[in-house]
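Chemist: First the structure, then my questions, so here it is.
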Amino acid sequence: MNSNEIREAFLRFFEEQGHRRIPGSSLVPTSDPTLLLTTAGMVQFKRYFTGEATPPHPRLASCQKCFRATDIDSVGDAKHLTFFEMLGNFSVGDYFKREAIQWAWEFVIQRLGLPQKRLWATIYLDDDEAFDYWQEVGFPKERILRFGEEDNFWGPAGETGPCGPCSELHYDLGEGIGCGKPDCAPGCECGRFIEIWNLVFTQYNQQEDGRRLPLPKPNIDTGMGLERTAAAVQGKASVYETDLFAPLIKHVCELAGKRYGEDEATDKAIRIVAEHARAITFLIGDGVMPSNEGRGYVLRRVIRRAALFGRKLGEKRFLRNIAIEVTKNMQHIYPELKQNYSQIINVINNEEIRFHETLDSSLNLLDGLLESKKSEIDKTISGEVAFHFYDTYGLPREVLAEVAAESGFEVDWKGFEGEMERQRERARATRKPIEEKFIITEKGGYTPKFVGDKRLKCRARIRRLLVDGEPVKKASEGQDVIVRLDTTPFYGEMGGQVGDTGEIRGPRGTVRVEDTVRDANDTAVHHGKVVEGEISDGAMVTATVDKARRMDIARNHTATHLLQAALREVLGEHVRQSGSLVAPDRLRFDFTHRALTKHEISQIQHLVNEKIRQNVKVKPAMMPYQQALDKGALAFFEEKYEEEVRAVEIGKPPISIELCGGTHVGATGEIGFFHIVGESSIGAGVRRIEALTGRGAEEFIDGQLSIIDAVAEEFKASASEIKSRISAIHAEIDAERKRALALERELLKNTVNSLLSEVVSIKGIPVLTARVPASNMEALRQTGDLIKERLKSVLVVLGAVYDDQANFVAMLTPDLVKRGLHAGEIVKQVAQVAGGRGGGRAEMGQAGGKDIDKLDDALSLVRDLVAKHGDPGA
């Protein structure tokens, strides 16, 4: 059976047992903020197991894409993978251990045809029930082993959630594999036994404090690794020999010009590149983008590890080619690979180029450091220096160790770890503590009511009044205050939307509300100043939101939803929100993607304005979380949602549905106009769009038109003629520049003629050094080329001052290169005199220095350098 047949056989078998086939979910979990990535088949069903949501059927079966970074350093052996497919059958309060064990046995024996004598089972220490059920199906008791919590108790997929004891099925690959010991059995790390199926008997729900409470009904959560099962069924000693990996291994070998099976170190590198390239393809296909934190950092780490081992195979850039092969082989099962093909290839290509550039640069610096320390007795690279290369230049630890060892050095890894910990401490210290305005908590036992989604003015009672952080009975004019109301129309800052402003007017005074935030209980707290009279704790007041400002915010918030819908339509559904800001004067939206083209920006802007002109209804509605997801609602993955959520739906059929607690317009026409003013990078793989709507967009367009009018007036032309007038001026400037360059070339030729007589011979080497009137490096190089052309054998070093620095070029004719001279090394030392640096090839090097007064001193060094070099041919 091939892997496609195994996958389908599993799902069909459990359909026959009354299970509903459920499509696998994304590698980016949509409903579990405790997880960076989907690590098991049960992740998408977690809310069913905890009773937070109702499953579509009590019996479920799926094939789930999974990723686990915990095994990354083990990848390359026969069984460990970062990305894998997990076949699973699940019972939500329906059947339990007996049926799970019965069906597992039936499937592996009758459907997969695995030989009984090669199967072993493991169970939790005191799980006699599972022991009895395995014997009931005919499993020999001598091949049922008991293990402790580390091996046979399955923890939650995250910090909290369903968990319980488990029973594993292991397959014996044969006596020819592994340690060869007579007592070898599951649990031995030699590789002879591979776990193919884990049956988790989910009985508990782990709390944040570590307690395990019984679930209302016990559940079944199983996971059968497709790759390992394929190895067993196909009689292979390794997952890399199965039909899932064999084409990739072959492709890597072809690209690298290697043969698999001749050298273990090479074989391991080939396996790592194949496995990681597959994982990378699926991660990007599900919208993960490289970054320096979270799941983006995981992706970057895998890409860099793959690129590093690719480099060891002699190839700097070929991950994109393997990704093409992965897509070709897997797109029939996972269509998102085909849908996001361009994005996958572009991201891999850009990240690989970036990594190798960084690696080349950092390796040159490290080589220079090691060279300078060669004469030192202590052959240790300090932890501080090693961490600097790791943190600043992205040089992997294994590369650091390898390069150091090649030069006879060791790395102080203990010191390195100390530096790593200090960085973590610095990061923790720079995370701003919760500001005082967020930490006011109410002890009165009531929940303030928010009415601002229905009206912008209401009567309320002051429940708490603070001045300088202390509770007071009253506050007078001029004092800054914090006010808590029992009912409020003010929206507190949340989800990227800024807080409302306005006023709170009482019988004896008025507070100007300057900001509204949320406290630790997620309720509104009003910050402001008493601008008239006095305000008292317990007083009845009228709270009024600044309507014009709220409407500006609402326009920008609804436009943000339309923008995300347009981005997904134009760029693809892999686009995911990474952050946002909704203010009265602008909106900002961060998302995962590459840089946008002008045409794409234009398309996106056009789509948003098209939906605005359609004036479709914007309808918020409360509904169960799962129902919202089933309707296609977009959730911000770092947010944790309650069972009941607020979904904002735009249009029928919906243009956009998002989980959102913010304020919005009633219909898109109220936005007026949407205009993108900027698109930029805020990190690798994350872009930012800044835009304006309504009054802000109108003011911006007016400002741009005013600029155009001013320019037109300056040119004494109409607005439509500005472009042609500017083009004409550019043409004139270009013509003048060409004339100036031609004159400079003539001047340099004359300079060359006058310099030829200044050549001196130092130990048989013709040397010419001079300051010349060049205005750029190209002119400096041309002068050097002319001198080389005229003299045939010469070392020429020229200097010129331009761009407020000293600039140098050094050139050698081929005959002098053969005598051991190196232009790059010479110009490097020359530039150091002028406080600069440089380098280059043996034939030609260039450099720059900050100290223009030292240019002549720098040039005079050349003769000393040549004199010390001597004549290698003598």
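Each chain in the structure tokens gets a letter, A, B and so on, in the order shown; residues start at 1 in every chain, and ligands are counted from 1 in the order they appear.
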As a list in words, list the residues of segment 566-643 of chain A assigned to helix (DSSP H, G or I) by DSSP on the backbone atoms of this structure.
Modeler: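 Here are the helix (DSSP H, G or I) residues of segment 566-643 of chain A: Ala566, Leu567, Arg568, Glu569, Val570, Leu571, Lys598, His599, Glu600, Ile601, Ser602, Gln603, Ile604, Gln605, His606, Leu607, Val608, Asn609, Glu610, Lys611, Ile612, Arg613, Gln614, Tyr625, Gln626, Gln627, Ala628, Leu629 and Asp630 of chain A.
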Chemist: Within 9 Å of segment 492-508 of chain A, counting only C-alpha atoms, which residues show up once you throw out same-chain ones fewer than 6 positions away? Write them as an MDAnalysis selection string, please.
Modeler: chainID A and resid 514:518 522:528 532:536 539:547 549:550 553 557 579:584 639 660:663
Chemist: Determine which residues of segment 457-591 of chain A receive a DSSP assignment of strand (DSSP E), computed from the backbone, and state them as a PyMOL selection string.
Modeler: chain A and resi 457-467+470-471+474-476+480-485+487-488+502-505+509-518+524-536+540-545+577-582+587-591
Chemist: Would you compute the distance between atom CA of Val759 of chain A and atom CA of Val797 of chain A? Give it in Å to one decimal.
Modeler: 11.1 Å
Chemist: Report as a PyMOL selection string all protein, DNA and RNA residues lying within 9 Å of Ile826 of chain A, evaluated on only C-alpha atoms, omitting residues in the same chain fewer than 2 positions from it.
Modeler: chain A and resi 797+810+821-824+828-831+839+845+862+865-866
Chemist: Residues of the last selection are to be written out with all heavy atoms, as an mmCIF file, in the first residue's frame.
Modeler:
```
data_model
loop_
_atom_site.group_PDB
_atom_site.id
_atom_site.type_symbol
_atom_site.label_atom_id
_atom_site.label_comp_id
_atom_site.auth_asym_id
_atom_site.auth_seq_id
_atom_site.Cartn_x
_atom_site.Cartn_y
_atom_site.Cartn_z
ATOM 1 N N VAL A 797 47.905 53.058 -6.692
ATOM 2 C CA VAL A 797 46.981 53.347 -5.592
ATOM 3 C C VAL A 797 46.637 54.826 -5.675
ATOM 4 O O VAL A 797 47.522 55.688 -5.573
ATOM 5 C CB VAL A 797 47.588 53.016 -4.210
ATOM 6 C CG1 VAL A 797 46.562 53.309 -3.113
ATOM 7 C CG2 VAL A 797 48.045 51.574 -4.140
ATOM 8 N N ALA A 810 42.973 50.587 -5.370
ATOM 9 C CA ALA A 810 44.290 49.974 -5.609
ATOM 10 C C ALA A 810 44.140 48.975 -6.741
ATOM 11 O O ALA A 810 43.165 48.214 -6.778
ATOM 12 C CB ALA A 810 44.797 49.280 -4.351
ATOM 13 N N LEU A 821 51.505 39.920 -4.614
ATOM 14 C CA LEU A 821 50.869 41.131 -4.110
ATOM 15 C C LEU A 821 49.345 40.999 -4.193
ATOM 16 O O LEU A 821 48.816 40.302 -5.069
ATOM 17 C CB LEU A 821 51.331 42.343 -4.914
ATOM 18 C CG LEU A 821 52.778 42.797 -4.647
ATOM 19 C CD1 LEU A 821 53.215 43.799 -5.717
ATOM 20 C CD2 LEU A 821 52.919 43.396 -3.259
ATOM 21 N N HIS A 822 48.634 41.722 -3.304
ATOM 22 C CA HIS A 822 47.176 41.618 -3.250
ATOM 23 C C HIS A 822 46.601 43.025 -3.076
ATOM 24 O O HIS A 822 46.747 43.649 -2.017
ATOM 25 C CB HIS A 822 46.754 40.723 -2.082
ATOM 26 C CG HIS A 822 45.310 40.312 -2.116
ATOM 27 N ND1 HIS A 822 44.281 41.193 -1.871
ATOM 28 C CD2 HIS A 822 44.729 39.099 -2.371
ATOM 29 C CE1 HIS A 822 43.132 40.561 -1.960
ATOM 30 N NE2 HIS A 822 43.372 39.284 -2.265
ATOM 31 N N ALA A 823 45.924 43.536 -4.117
ATOM 32 C CA ALA A 823 45.403 44.908 -4.090
ATOM 33 C C ALA A 823 44.397 45.116 -2.962
ATOM 34 O O ALA A 823 44.382 46.170 -2.310
ATOM 35 C CB ALA A 823 44.755 45.240 -5.440
ATOM 36 N N GLY A 824 43.541 44.122 -2.724
ATOM 37 C CA GLY A 824 42.539 44.244 -1.664
ATOM 38 C C GLY A 824 43.158 44.416 -0.294
ATOM 39 O O GLY A 824 42.696 45.223 0.524
ATOM 40 N N LYS A 828 43.132 47.915 2.010
ATOM 41 C CA LYS A 828 42.560 47.761 3.353
ATOM 42 C C LYS A 828 43.442 48.461 4.394
ATOM 43 O O LYS A 828 42.962 49.203 5.257
ATOM 44 C CB LYS A 828 42.417 46.269 3.677
ATOM 45 C CG LYS A 828 41.864 45.968 5.059
ATOM 46 C CD LYS A 828 41.785 44.451 5.250
ATOM 47 C CE LYS A 828 41.321 44.102 6.646
ATOM 48 N NZ LYS A 828 41.270 42.621 6.859
ATOM 49 N N GLN A 829 44.779 48.231 4.298
ATOM 50 C CA GLN A 829 45.706 48.844 5.252
ATOM 51 C C GLN A 829 45.850 50.348 5.011
ATOM 52 O O GLN A 829 45.996 51.129 5.953
ATOM 53 C CB GLN A 829 47.062 48.148 5.153
ATOM 54 C CG GLN A 829 47.024 46.688 5.597
ATOM 55 C CD GLN A 829 48.389 46.031 5.524
ATOM 56 O OE1 GLN A 829 49.311 46.436 6.231
ATOM 57 N NE2 GLN A 829 48.516 45.029 4.662
ATOM 58 N N VAL A 830 45.764 50.754 3.768
ATOM 59 C CA VAL A 830 45.843 52.173 3.433
ATOM 60 C C VAL A 830 44.665 52.924 4.060
ATOM 61 O O VAL A 830 44.820 53.986 4.672
ATOM 62 C CB VAL A 830 45.861 52.358 1.903
ATOM 63 C CG1 VAL A 830 45.611 53.815 1.527
ATOM 64 C CG2 VAL A 830 47.191 51.884 1.325
ATOM 65 N N ALA A 831 43.461 52.352 3.938
ATOM 66 C CA ALA A 831 42.250 53.004 4.439
ATOM 67 C C ALA A 831 42.267 53.142 5.953
ATOM 68 O O ALA A 831 41.702 54.091 6.508
ATOM 69 C CB ALA A 831 41.018 52.211 4.001
ATOM 70 N N GLY A 839 38.643 46.608 1.049
ATOM 71 C CA GLY A 839 39.135 45.300 0.658
ATOM 72 C C GLY A 839 38.857 45.057 -0.808
ATOM 73 O O GLY A 839 38.543 45.977 -1.560
ATOM 74 N N GLY A 845 41.074 46.561 -5.473
ATOM 75 C CA GLY A 845 40.348 46.757 -4.222
ATOM 76 C C GLY A 845 39.996 48.210 -4.059
ATOM 77 O O GLY A 845 40.623 49.096 -4.675
ATOM 78 N N VAL A 862 51.870 53.201 1.116
ATOM 79 C CA VAL A 862 51.974 52.179 0.070
ATOM 80 C C VAL A 862 53.429 51.756 -0.159
ATOM 81 O O VAL A 862 53.739 50.561 -0.242
ATOM 82 C CB VAL A 862 51.345 52.675 -1.251
ATOM 83 C CG1 VAL A 862 51.552 51.628 -2.351
ATOM 84 C CG2 VAL A 862 49.864 52.971 -1.048
ATOM 85 N N LEU A 865 54.660 49.428 2.490
ATOM 86 C CA LEU A 865 54.062 48.089 2.379
ATOM 87 C C LEU A 865 54.774 47.273 1.313
ATOM 88 O O LEU A 865 55.053 46.083 1.508
ATOM 89 C CB LEU A 865 52.564 48.201 2.047
ATOM 90 C CG LEU A 865 51.666 48.804 3.132
ATOM 91 C CD1 LEU A 865 50.234 48.960 2.606
ATOM 92 C CD2 LEU A 865 51.655 47.909 4.368
ATOM 93 N N VAL A 866 55.070 47.902 0.195
ATOM 94 C CA VAL A 866 55.755 47.193 -0.892
ATOM 95 C C VAL A 866 57.185 46.845 -0.481
ATOM 96 O O VAL A 866 57.683 45.742 -0.758
ATOM 97 C CB VAL A 866 55.751 48.026 -2.188
ATOM 98 C CG1 VAL A 866 56.546 47.316 -3.281
ATOM 99 C CG2 VAL A 866 54.325 48.282 -2.651
#
```
Chemist: Under the rule that only C-alpha atoms are counted, which of A:Ile701, A:Arg278, A:Gly418, A:Lys529 is the nearest residue to Val467 of chain A?
Modeler: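 Of the candidates, the smallest distance to Val467 of chain A is held by A:Lys529.
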Chemist: Extract, using only C-alpha atoms, all DNA, RNA and protein residues at most 6 Å from segment 675-687 of chain A, discarding same-chain residues fewer than 3 positions from it, and format them as a ChimeraX atom specification.
Modeler: /A:289-291,590-594,690-692
Chemist: Near Asp785 of chain A, within 12 Å and counting only C-alpha atoms, which residues show up once chain neighbours fewer than 6 positions away are dropped, as an mmCIF file with all heavy atoms, in the first residue's frame?
Modeler:
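Saved as part_37.cif:
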```
data_model
loop_
_atom_site.group_PDB
_atom_site.id
_atom_site.type_symbol
_atom_site.label_atom_id
_atom_site.label_comp_id
_atom_site.auth_asym_id
_atom_site.auth_seq_id
_atom_site.Cartn_x
_atom_site.Cartn_y
_atom_site.Cartn_z
ATOM 1 N N LEU A 748 40.922 63.772 -16.416
ATOM 2 C CA LEU A 748 41.612 62.615 -15.850
ATOM 3 C C LEU A 748 42.683 62.084 -16.814
ATOM 4 O O LEU A 748 43.747 61.636 -16.388
ATOM 5 C CB LEU A 748 40.606 61.511 -15.500
ATOM 6 C CG LEU A 748 39.703 61.815 -14.296
ATOM 7 C CD1 LEU A 748 38.636 60.739 -14.145
ATOM 8 C CD2 LEU A 748 40.527 61.926 -13.015
ATOM 9 N N LYS A 749 42.381 62.147 -18.127
ATOM 10 C CA LYS A 749 43.382 61.705 -19.113
ATOM 11 C C LYS A 749 44.624 62.577 -19.020
ATOM 12 O O LYS A 749 45.763 62.090 -19.057
ATOM 13 C CB LYS A 749 42.799 61.784 -20.530
ATOM 14 C CG LYS A 749 41.849 60.651 -20.869
ATOM 15 C CD LYS A 749 41.328 60.810 -22.290
ATOM 16 C CE LYS A 749 40.299 59.733 -22.622
ATOM 17 N NZ LYS A 749 39.743 59.921 -23.987
ATOM 18 N N VAL A 752 46.462 61.627 -15.953
ATOM 19 C CA VAL A 752 47.219 60.385 -16.156
ATOM 20 C C VAL A 752 48.535 60.678 -16.863
ATOM 21 O O VAL A 752 49.609 60.175 -16.471
ATOM 22 C CB VAL A 752 46.384 59.355 -16.954
ATOM 23 C CG1 VAL A 752 47.259 58.194 -17.423
ATOM 24 C CG2 VAL A 752 45.225 58.855 -16.100
ATOM 25 N N GLU A 778 33.660 55.522 -9.713
ATOM 26 C CA GLU A 778 33.794 55.088 -11.106
ATOM 27 C C GLU A 778 34.929 55.845 -11.790
ATOM 28 O O GLU A 778 35.758 55.265 -12.502
ATOM 29 C CB GLU A 778 32.481 55.305 -11.856
ATOM 30 C CG GLU A 778 32.526 54.778 -13.288
ATOM 31 C CD GLU A 778 31.239 55.042 -14.062
ATOM 32 O OE1 GLU A 778 30.279 55.560 -13.455
ATOM 33 O OE2 GLU A 778 31.221 54.746 -15.260
ATOM 34 N N ALA A 779 35.010 57.161 -11.543
ATOM 35 C CA ALA A 779 36.075 57.968 -12.142
ATOM 36 C C ALA A 779 37.439 57.553 -11.598
ATOM 37 O O ALA A 779 38.441 57.513 -12.330
ATOM 38 C CB ALA A 779 35.825 59.448 -11.862
ATOM 39 N N LEU A 791 50.985 51.562 -18.636
ATOM 40 C CA LEU A 791 52.263 51.109 -18.062
ATOM 41 C C LEU A 791 52.478 49.601 -18.137
ATOM 42 O O LEU A 791 53.595 49.120 -17.939
ATOM 43 C CB LEU A 791 52.357 51.568 -16.601
ATOM 44 C CG LEU A 791 52.434 53.084 -16.403
ATOM 45 C CD1 LEU A 791 52.441 53.424 -14.922
ATOM 46 C CD2 LEU A 791 53.695 53.643 -17.079
ATOM 47 N N LYS A 792 51.415 48.811 -18.332
ATOM 48 C CA LYS A 792 51.501 47.349 -18.505
ATOM 49 C C LYS A 792 51.910 46.591 -17.236
ATOM 50 O O LYS A 792 51.439 45.491 -16.991
ATOM 51 C CB LYS A 792 52.469 46.972 -19.648
ATOM 52 C CG LYS A 792 52.191 47.680 -20.951
ATOM 53 C CD LYS A 792 50.760 47.456 -21.433
ATOM 54 C CE LYS A 792 50.506 48.173 -22.753
ATOM 55 N NZ LYS A 792 49.073 48.088 -23.137
ATOM 56 N N SER A 793 52.822 47.137 -16.441
ATOM 57 C CA SER A 793 53.217 46.490 -15.184
ATOM 58 C C SER A 793 53.308 47.560 -14.105
ATOM 59 O O SER A 793 54.211 48.414 -14.139
ATOM 60 C CB SER A 793 54.555 45.771 -15.326
ATOM 61 O OG SER A 793 54.964 45.222 -14.074
ATOM 62 N N VAL A 794 52.362 47.536 -13.129
ATOM 63 C CA VAL A 794 52.352 48.594 -12.125
ATOM 64 C C VAL A 794 51.418 48.243 -10.965
ATOM 65 O O VAL A 794 50.428 47.533 -11.137
ATOM 66 C CB VAL A 794 51.917 49.943 -12.749
ATOM 67 C CG1 VAL A 794 50.442 49.902 -13.139
ATOM 68 C CG2 VAL A 794 52.177 51.105 -11.798
ATOM 69 N N LEU A 795 51.775 48.742 -9.772
ATOM 70 C CA LEU A 795 50.840 48.812 -8.649
ATOM 71 C C LEU A 795 50.439 50.269 -8.564
ATOM 72 O O LEU A 795 51.297 51.141 -8.344
ATOM 73 C CB LEU A 795 51.507 48.385 -7.332
ATOM 74 C CG LEU A 795 50.820 48.863 -6.037
ATOM 75 C CD1 LEU A 795 49.398 48.323 -5.931
ATOM 76 C CD2 LEU A 795 51.624 48.475 -4.806
ATOM 77 N N VAL A 796 49.140 50.555 -8.769
ATOM 78 C CA VAL A 796 48.672 51.933 -8.702
ATOM 79 C C VAL A 796 47.671 52.067 -7.552
ATOM 80 O O VAL A 796 46.741 51.273 -7.434
ATOM 81 C CB VAL A 796 48.042 52.383 -10.046
ATOM 82 C CG1 VAL A 796 46.899 51.480 -10.461
ATOM 83 C CG2 VAL A 796 47.555 53.826 -9.953
ATOM 84 N N VAL A 797 47.905 53.058 -6.692
ATOM 85 C CA VAL A 797 46.981 53.347 -5.592
ATOM 86 C C VAL A 797 46.637 54.826 -5.675
ATOM 87 O O VAL A 797 47.522 55.688 -5.573
ATOM 88 C CB VAL A 797 47.588 53.016 -4.210
ATOM 89 C CG1 VAL A 797 46.562 53.309 -3.113
ATOM 90 C CG2 VAL A 797 48.045 51.574 -4.140
ATOM 91 N N LEU A 798 45.353 55.116 -5.879
ATOM 92 C CA LEU A 798 44.896 56.498 -6.068
ATOM 93 C C LEU A 798 43.946 56.883 -4.934
ATOM 94 O O LEU A 798 43.209 56.053 -4.398
ATOM 95 C CB LEU A 798 44.171 56.632 -7.401
ATOM 96 C CG LEU A 798 44.961 56.221 -8.648
ATOM 97 C CD1 LEU A 798 44.080 56.292 -9.886
ATOM 98 C CD2 LEU A 798 46.205 57.106 -8.814
ATOM 99 N N VAL A 809 41.439 53.601 -4.349
ATOM 100 C CA VAL A 809 41.372 52.429 -5.200
ATOM 101 C C VAL A 809 42.798 51.923 -5.405
ATOM 102 O O VAL A 809 43.736 52.722 -5.531
ATOM 103 C CB VAL A 809 40.692 52.726 -6.555
ATOM 104 C CG1 VAL A 809 41.535 53.655 -7.399
ATOM 105 C CG2 VAL A 809 40.392 51.450 -7.320
ATOM 106 N N ALA A 810 42.973 50.587 -5.370
ATOM 107 C CA ALA A 810 44.290 49.974 -5.609
ATOM 108 C C ALA A 810 44.140 48.975 -6.741
ATOM 109 O O ALA A 810 43.165 48.214 -6.778
ATOM 110 C CB ALA A 810 44.797 49.280 -4.351
ATOM 111 N N MET A 811 45.104 48.972 -7.671
ATOM 112 C CA MET A 811 45.047 48.062 -8.810
ATOM 113 C C MET A 811 46.418 47.457 -9.086
ATOM 114 O O MET A 811 47.448 48.126 -8.902
ATOM 115 C CB MET A 811 44.554 48.788 -10.061
ATOM 116 C CG MET A 811 43.113 49.240 -9.989
ATOM 117 S SD MET A 811 42.601 50.030 -11.535
ATOM 118 C CE MET A 811 40.865 50.274 -11.224
ATOM 119 N N LEU A 812 46.422 46.207 -9.536
ATOM 120 C CA LEU A 812 47.655 45.497 -9.890
ATOM 121 C C LEU A 812 47.522 44.888 -11.272
ATOM 122 O O LEU A 812 46.464 44.363 -11.631
ATOM 123 C CB LEU A 812 47.922 44.374 -8.881
ATOM 124 C CG LEU A 812 48.522 44.765 -7.522
ATOM 125 C CD1 LEU A 812 48.363 43.620 -6.543
ATOM 126 C CD2 LEU A 812 49.987 45.138 -7.681
ATOM 127 N N THR A 813 48.590 44.938 -12.024
ATOM 128 C CA THR A 813 48.618 44.218 -13.295
ATOM 129 C C THR A 813 48.858 42.736 -13.008
ATOM 130 O O THR A 813 49.405 42.379 -11.950
ATOM 131 C CB THR A 813 49.726 44.782 -14.205
ATOM 132 O OG1 THR A 813 50.936 44.871 -13.454
ATOM 133 C CG2 THR A 813 49.342 46.156 -14.752
ATOM 134 N N GLU A 843 43.453 41.630 -7.833
ATOM 135 C CA GLU A 843 43.722 42.578 -8.914
ATOM 136 C C GLU A 843 43.248 43.985 -8.592
ATOM 137 O O GLU A 843 43.795 44.973 -9.081
ATOM 138 C CB GLU A 843 43.027 42.141 -10.216
ATOM 139 C CG GLU A 843 43.276 40.707 -10.633
ATOM 140 C CD GLU A 843 42.329 39.745 -9.941
ATOM 141 O OE1 GLU A 843 41.154 40.083 -9.734
ATOM 142 O OE2 GLU A 843 42.793 38.657 -9.579
ATOM 143 N N MET A 844 42.172 44.114 -7.800
ATOM 144 C CA MET A 844 41.603 45.431 -7.561
ATOM 145 C C MET A 844 40.862 45.472 -6.235
ATOM 146 O O MET A 844 40.146 44.536 -5.883
ATOM 147 C CB MET A 844 40.637 45.808 -8.693
ATOM 148 C CG MET A 844 40.259 47.286 -8.744
ATOM 149 S SD MET A 844 38.899 47.746 -7.668
ATOM 150 C CE MET A 844 37.522 47.120 -8.633
#
```
Chemist: With only C-alpha atoms as the counted atoms, please give the residues lying no more than 9 Å from Gly310 of chain A, apart from itself and same-chain residues fewer than 3 positions off, as a PyMOL selection string.
Modeler: chain A and resi 252+256+269-270+272-273+305-307+313-319
Chemist: Taking only C-alpha atoms into account, produce a table as a tab-separated table in which each residue of segment 302-396 of chain A with an atom at most 12 Å from an atom of segment 564-577 of chain A appears once, together with its shortest atom pair and the distance in Å to one decimal, ordered by chain and rising number.
Modeler:
```
residue	atom	partner	partner_atom	distance
A:Glu336	CA	A:His574	CA	8.6
A:Leu337	CA	A:His574	CA	10.2
A:Lys338	CA	A:Gly572	CA	11.2
A:Gln339	CA	A:Gly572	CA	7.6
A:Asn340	CA	A:Gly572	CA	6.9
A:Tyr341	CA	A:Gly572	CA	10.2
A:Ser342	CA	A:Gly572	CA	10.0
A:Gln343	CA	A:His574	CA	8.6
A:Ile344	CA	A:His574	CA	10.0
```
Chemist: With C-alpha atoms retained, export the selected residues as a PDB file, in the first residue's frame.
Modeler:
```
ATOM      1  CA  GLU A 336      -3.710  25.027  -0.223  1.00  0.00           C
ATOM      2  CA  LEU A 337      -0.197  24.193  -1.475  1.00  0.00           C
ATOM      3  CA  LYS A 338      -1.301  24.885  -5.039  1.00  0.00           C
ATOM      4  CA  GLN A 339      -3.369  27.931  -4.026  1.00  0.00           C
ATOM      5  CA  ASN A 340      -0.437  29.528  -2.191  1.00  0.00           C
ATOM      6  CA  TYR A 341       2.306  28.222  -4.494  1.00  0.00           C
ATOM      7  CA  SER A 342       3.744  31.628  -5.474  1.00  0.00           C
ATOM      8  CA  GLN A 343       3.810  32.787  -1.869  1.00  0.00           C
ATOM      9  CA  ILE A 344       5.593  29.599  -0.741  1.00  0.00           C
TER      10      ILE A 344
END
```
Chemist: Between A:Pro773, A:Gly840, A:Gly93, A:Pro165, which one has atoms that come closest to Asn152 of chain A, using only C-alpha atoms?
Modeler: A:Pro165
Chemist: Might you pull out every residue within 10 Å of Met777 of chain A, with only C-alpha atoms counted and same-chain residues fewer than 6 positions away left off, and present them as a PyMOL selection string?
Modeler: chain A and resi 783+799-800+802+807-809+846-848
